[in-house]
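A quick write-up on the structure given underneath.
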Amino acid sequence: MPDRTLLADHTTLHLGGPARRFVVAGTEAELVDAVRRADEAGEPLLVLGGGSNLVVADAGFDGTVVQVATTGVVPDVEGDDASCGGVLVTVAAGESWDDLVATAVERGWVGIEALSGIPGSVGATPIQNVGAYGQEVAQTVASVRVWDRTERAVRTFANADCDFAYRHSRFKSDPGRHVVLSVTFQLAQGSLGAPVGYVELARTLGVEPGQRAPLVAVRDAVLGLRRGKGMVLDEADHDTWSAGSFFTNPVVAAEAVPDGAPAWPVDGGVKTSAAWLIERAGFAKGHARGAAAVSGKHTLALTNRGGATTEDLLALAREVRDGVEERFGIRLVNEPVLLGCVL
């Protein structure tokens, strides 16, 4: 008999049909065993973390879903007790990312405080090279330990071998091959956060870009900014029923940046603002298509207003993507992973 566990109950968009089989892996051994069994049986496999970066088809997933529920935050004892310098912290893939950030702020571990409020699990962060407010995990990841489904072995990749780039990694470029087991972070220690690299955050904190502020103040400021944009999950607020930023900020040639658009030089070109493009293409906050809508707080989030289907959401995403391309000649790329559906 099919499991019938609805994936809508396990994604932040509250969308997605049933899984044929649903397994909760509470230990690393259970995780590897569940993945190995599915591979040996030739079954389609989805490894599920917090479901925050995932769009699942209405038909669901005709295979095995393994939910990563492993736990553990283990600092290097010698480094953690040191009065200065850094600390290595190894974190199980199933740990909540924001809980880790809260722990880091509480214990004086510096380097991920601006990544507060991001939903999902620790294991998902290096895959996407999650980033916000001037920080990204590539700046603090020391190594990533994985189960390699091709080699059928545990492997560890140092930061330099992860091929990190903007919202990208070697794990994303070879989708499905590497199941993250744990991530080790190299964090500084102190009461002040890393130099603030994001103008909006610096303004909120009352400091100049490049200056530092107390860890607690940085976390509080980021959470406040994210809440104002509907980017902190609240089950009672449909404006937060999203996958976060639905489109990545595009990197284009300098001459392709529209007049007046924000622009940041990066390797390979110039990064511009997807939100700016979406708004100038005529898609205002709250623009709806059925029960799916652009967030009323931030144009980069597409939301389930309650009762939406995945097809409703994808239709809205196509409308926005095609409208931006028609207006500016820039094609936006989705940030969430699409499972069983295409944009």
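Chain labels run A, B, ... following the order of the structure tokens; each chain numbers its residues from 1, and ligands are numbered from 1 in the order shown.
Counting only C-alpha atoms, Leu6 (chain A) has the following residues at most 12 Å away, ignoring those fewer than 4 positions along the same chain: Pro2, His10, Thr11, His14, Leu15, Gly16, Gly17, Pro18, Ala19, Arg20, Arg21, Phe22, Val56, Ala57, Asp58, Ala59, Gly60, Phe61, Asp62 and Val65 of chain A.
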**Message:** What's around region 258-266 of chain A at 7 Å? Count only C-alpha atoms, leave out sequence neighbours fewer than 6 positions away in its own chain, and write the answer as a ChimeraX atom specification.
**Reply:** /A:272-273,276
**Message:** Can you pull out the residues contacting Phe247 (chain A)? Cut-off 8 Å, using only C-alpha atoms, and skip same-chain residues under 6 positions away; I want them as a list in words.
**Reply:** Ala274, Leu300, Leu332, Val333, Asn334, Glu335 and Pro336 of chain A
**Item:** Distance in Å - CA of Ser169 (chain A) versus CA of Ile127 (chain A)
**Value:**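 Distance between the two atoms: 5.7 Å.
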**Prompt:** Among region 160-257 of chain A, which residues carry a DSSP assignment of alpha helix (DSSP H), reported as number ranges by chain?
**Reply:** A: 170-173, 199-205, 215-228
What would the file look like if the residues just selected were written as a short mmCIF file (atom, residue, chain, number, x, y, z; two decimals), in the first residue's frame with N, CA, C and O atoms?
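File written: out_39.cif
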data_model
loop_
_atom_site.label_atom_id
_atom_site.label_comp_id
_atom_site.auth_asym_id
_atom_site.auth_seq_id
_atom_site.Cartn_x
_atom_site.Cartn_y
_atom_site.Cartn_z
N ARG A 170 29.29 22.22 -5.83
CA ARG A 170 29.46 20.97 -6.58
C ARG A 170 28.29 20.02 -6.32
O ARG A 170 27.94 19.20 -7.16
N PHE A 171 27.67 20.15 -5.15
CA PHE A 171 26.55 19.28 -4.80
C PHE A 171 25.31 19.63 -5.61
O PHE A 171 24.53 18.75 -5.98
N LYS A 172 25.15 20.91 -5.91
CA LYS A 172 24.02 21.34 -6.73
C LYS A 172 24.25 21.00 -8.19
O LYS A 172 23.30 20.68 -8.93
N SER A 173 25.51 21.05 -8.65
CA SER A 173 25.80 20.79 -10.06
C SER A 173 25.69 19.30 -10.40
O SER A 173 25.60 18.94 -11.57
N VAL A 199 24.20 46.96 3.00
CA VAL A 199 23.87 48.36 3.33
C VAL A 199 22.59 48.45 4.16
O VAL A 199 22.54 49.19 5.15
N GLU A 200 21.55 47.71 3.78
CA GLU A 200 20.28 47.79 4.51
C GLU A 200 20.46 47.34 5.96
O GLU A 200 19.91 47.95 6.88
N LEU A 201 21.25 46.30 6.16
CA LEU A 201 21.48 45.82 7.52
C LEU A 201 22.31 46.82 8.31
O LEU A 201 22.03 47.09 9.48
N ALA A 202 23.33 47.39 7.67
CA ALA A 202 24.15 48.39 8.35
C ALA A 202 23.31 49.58 8.78
O ALA A 202 23.43 50.09 9.91
N ARG A 203 22.43 50.02 7.89
CA ARG A 203 21.55 51.16 8.21
C ARG A 203 20.66 50.81 9.40
O ARG A 203 20.46 51.64 10.31
N THR A 204 20.11 49.62 9.41
CA THR A 204 19.23 49.20 10.50
C THR A 204 19.98 49.16 11.83
O THR A 204 19.45 49.51 12.89
N LEU A 205 21.24 48.73 11.78
CA LEU A 205 22.06 48.64 12.98
C LEU A 205 22.66 49.98 13.40
O LEU A 205 23.21 50.10 14.50
N LEU A 215 26.70 40.57 18.24
CA LEU A 215 26.05 39.42 17.62
C LEU A 215 24.53 39.44 17.82
O LEU A 215 23.76 39.23 16.87
N VAL A 216 24.10 39.68 19.05
CA VAL A 216 22.67 39.66 19.35
C VAL A 216 21.94 40.75 18.56
O VAL A 216 20.84 40.52 18.04
N ALA A 217 22.56 41.91 18.43
CA ALA A 217 21.93 43.00 17.69
C ALA A 217 21.80 42.65 16.21
O ALA A 217 20.79 42.97 15.57
N VAL A 218 22.83 42.00 15.66
CA VAL A 218 22.77 41.61 14.26
C VAL A 218 21.64 40.61 14.03
O VAL A 218 20.84 40.74 13.11
N ARG A 219 21.56 39.60 14.88
CA ARG A 219 20.49 38.61 14.73
C ARG A 219 19.11 39.27 14.84
O ARG A 219 18.23 39.02 14.01
N ASP A 220 18.93 40.10 15.85
CA ASP A 220 17.63 40.77 16.03
C ASP A 220 17.28 41.63 14.82
O ASP A 220 16.12 41.66 14.37
N ALA A 221 18.27 42.35 14.30
CA ALA A 221 18.02 43.22 13.15
C ALA A 221 17.64 42.41 11.92
O ALA A 221 16.71 42.77 11.18
N VAL A 222 18.35 41.32 11.68
CA VAL A 222 18.05 40.48 10.52
C VAL A 222 16.66 39.87 10.65
O VAL A 222 15.89 39.86 9.68
N LEU A 223 16.33 39.36 11.83
CA LEU A 223 15.00 38.78 12.01
C LEU A 223 13.92 39.83 11.77
O LEU A 223 12.87 39.54 11.17
N GLY A 224 14.15 41.05 12.24
CA GLY A 224 13.19 42.13 12.01
C GLY A 224 13.03 42.44 10.52
O GLY A 224 11.91 42.61 10.03
N LEU A 225 14.15 42.52 9.81
CA LEU A 225 14.08 42.79 8.37
C LEU A 225 13.37 41.66 7.64
O LEU A 225 12.55 41.90 6.74
N ARG A 226 13.69 40.43 7.99
CA ARG A 226 13.06 39.29 7.32
C ARG A 226 11.56 39.22 7.61
O ARG A 226 10.77 38.92 6.73
N ARG A 227 11.19 39.49 8.86
CA ARG A 227 9.75 39.48 9.17
C ARG A 227 9.01 40.54 8.37
O ARG A 227 7.88 40.32 7.91
N GLY A 228 9.63 41.69 8.19
CA GLY A 228 9.00 42.75 7.41
C GLY A 228 8.81 42.37 5.96
O GLY A 228 7.98 42.97 5.25
#
Output as JSON lines one row per residue of region 105-210 of chain A within 12 Å of region 72-77 of chain A: the closest atom pair and its distance in Å to one decimal place, counting only C-alpha atoms, sorted by chain and residue number ascending.
{"residue": "A:Arg107", "atom": "CA", "partner": "A:Pro75", "partner_atom": "CA", "distance": 10.6}
{"residue": "A:Trp109", "atom": "CA", "partner": "A:Pro75", "partner_atom": "CA", "distance": 10.2}
{"residue": "A:Val122", "atom": "CA", "partner": "A:Val73", "partner_atom": "CA", "distance": 10.4}
{"residue": "A:Gly123", "atom": "CA", "partner": "A:Gly72", "partner_atom": "CA", "distance": 12.0}
{"residue": "A:Leu181", "atom": "CA", "partner": "A:Gly72", "partner_atom": "CA", "distance": 11.0}
{"residue": "A:Ser182", "atom": "CA", "partner": "A:Gly72", "partner_atom": "CA", "distance": 9.1}
{"residue": "A:Val183", "atom": "CA", "partner": "A:Val73", "partner_atom": "CA", "distance": 9.8}
{"residue": "A:Thr184", "atom": "CA", "partner": "A:Pro75", "partner_atom": "CA", "distance": 9.0}
{"residue": "A:Phe185", "atom": "CA", "partner": "A:Pro75", "partner_atom": "CA", "distance": 9.2}
{"residue": "A:Gln186", "atom": "CA", "partner": "A:Pro75", "partner_atom": "CA", "distance": 9.8}
{"residue": "A:Leu187", "atom": "CA", "partner": "A:Pro75", "partner_atom": "CA", "distance": 10.1}
**Request:** Find the residues around Ala160 (chain A) up to 12 Å (only C-alpha atoms counted), leave out those fewer than 6 positions away in its own chain, and share them as a list in words.
**Result:**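 After dropping sequence-adjacent residues, the list is Ala138, Gln139, Thr140, Val141, Ala142, Ser143, Val144, Ser169 and Arg170 of chain A.
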**Prompt:** Expressed in Å to a single decimal, how great is the separation between CA of Ile118 (chain A) and CA of Ala293 (chain A)?
**Reply:**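 Separating CA of Ile118 (chain A) from CA of Ala293 (chain A) is a distance of 20.7 Å.
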**Request:** Can you work out which one of A:Asp161, A:Val55, A:Val47, A:Ala236 has the shortest atom-to-atom distance to Ala25 (chain A), counting only C-alpha atoms?
**Result:** A:Val47
**Asked** For the atom pair CA of Val35 (chain A) and CA of Val91 (chain A), what is the interatomic distance in Å to one decimal place?
**Response**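 These atoms are spaced 19.9 Å apart.
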**Item:** Within 12 Å of Asp174 (chain A) using only C-alpha atoms, minus same-chain residues under 6 positions, as a list in words
**Value:**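 Everything that qualifies: Ile127, Gln128, Asp148, Arg149, Thr150, Cys162, Asp163 and His168 of chain A.
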Kindly save the residues from that selection, with C-alpha atoms included, as a PDB file, in the first residue's frame.
ATOM      1  CA  ILE A 127      24.094  22.572  -1.492  1.00  0.00           C
ATOM      2  CA  GLN A 128      22.580  25.945  -2.338  1.00  0.00           C
ATOM      3  CA  ASP A 148      28.261   9.482  -2.212  1.00  0.00           C
ATOM      4  CA  ARG A 149      25.520   7.469  -3.929  1.00  0.00           C
ATOM      5  CA  THR A 150      27.731   6.813  -6.965  1.00  0.00           C
ATOM      6  CA  CYS A 162      32.992  22.293  -2.813  1.00  0.00           C
ATOM      7  CA  ASP A 163      33.090  24.627  -5.862  1.00  0.00           C
ATOM      8  CA  HIS A 168      25.851  27.122  -6.241  1.00  0.00           C
TER       9      HIS A 168
END
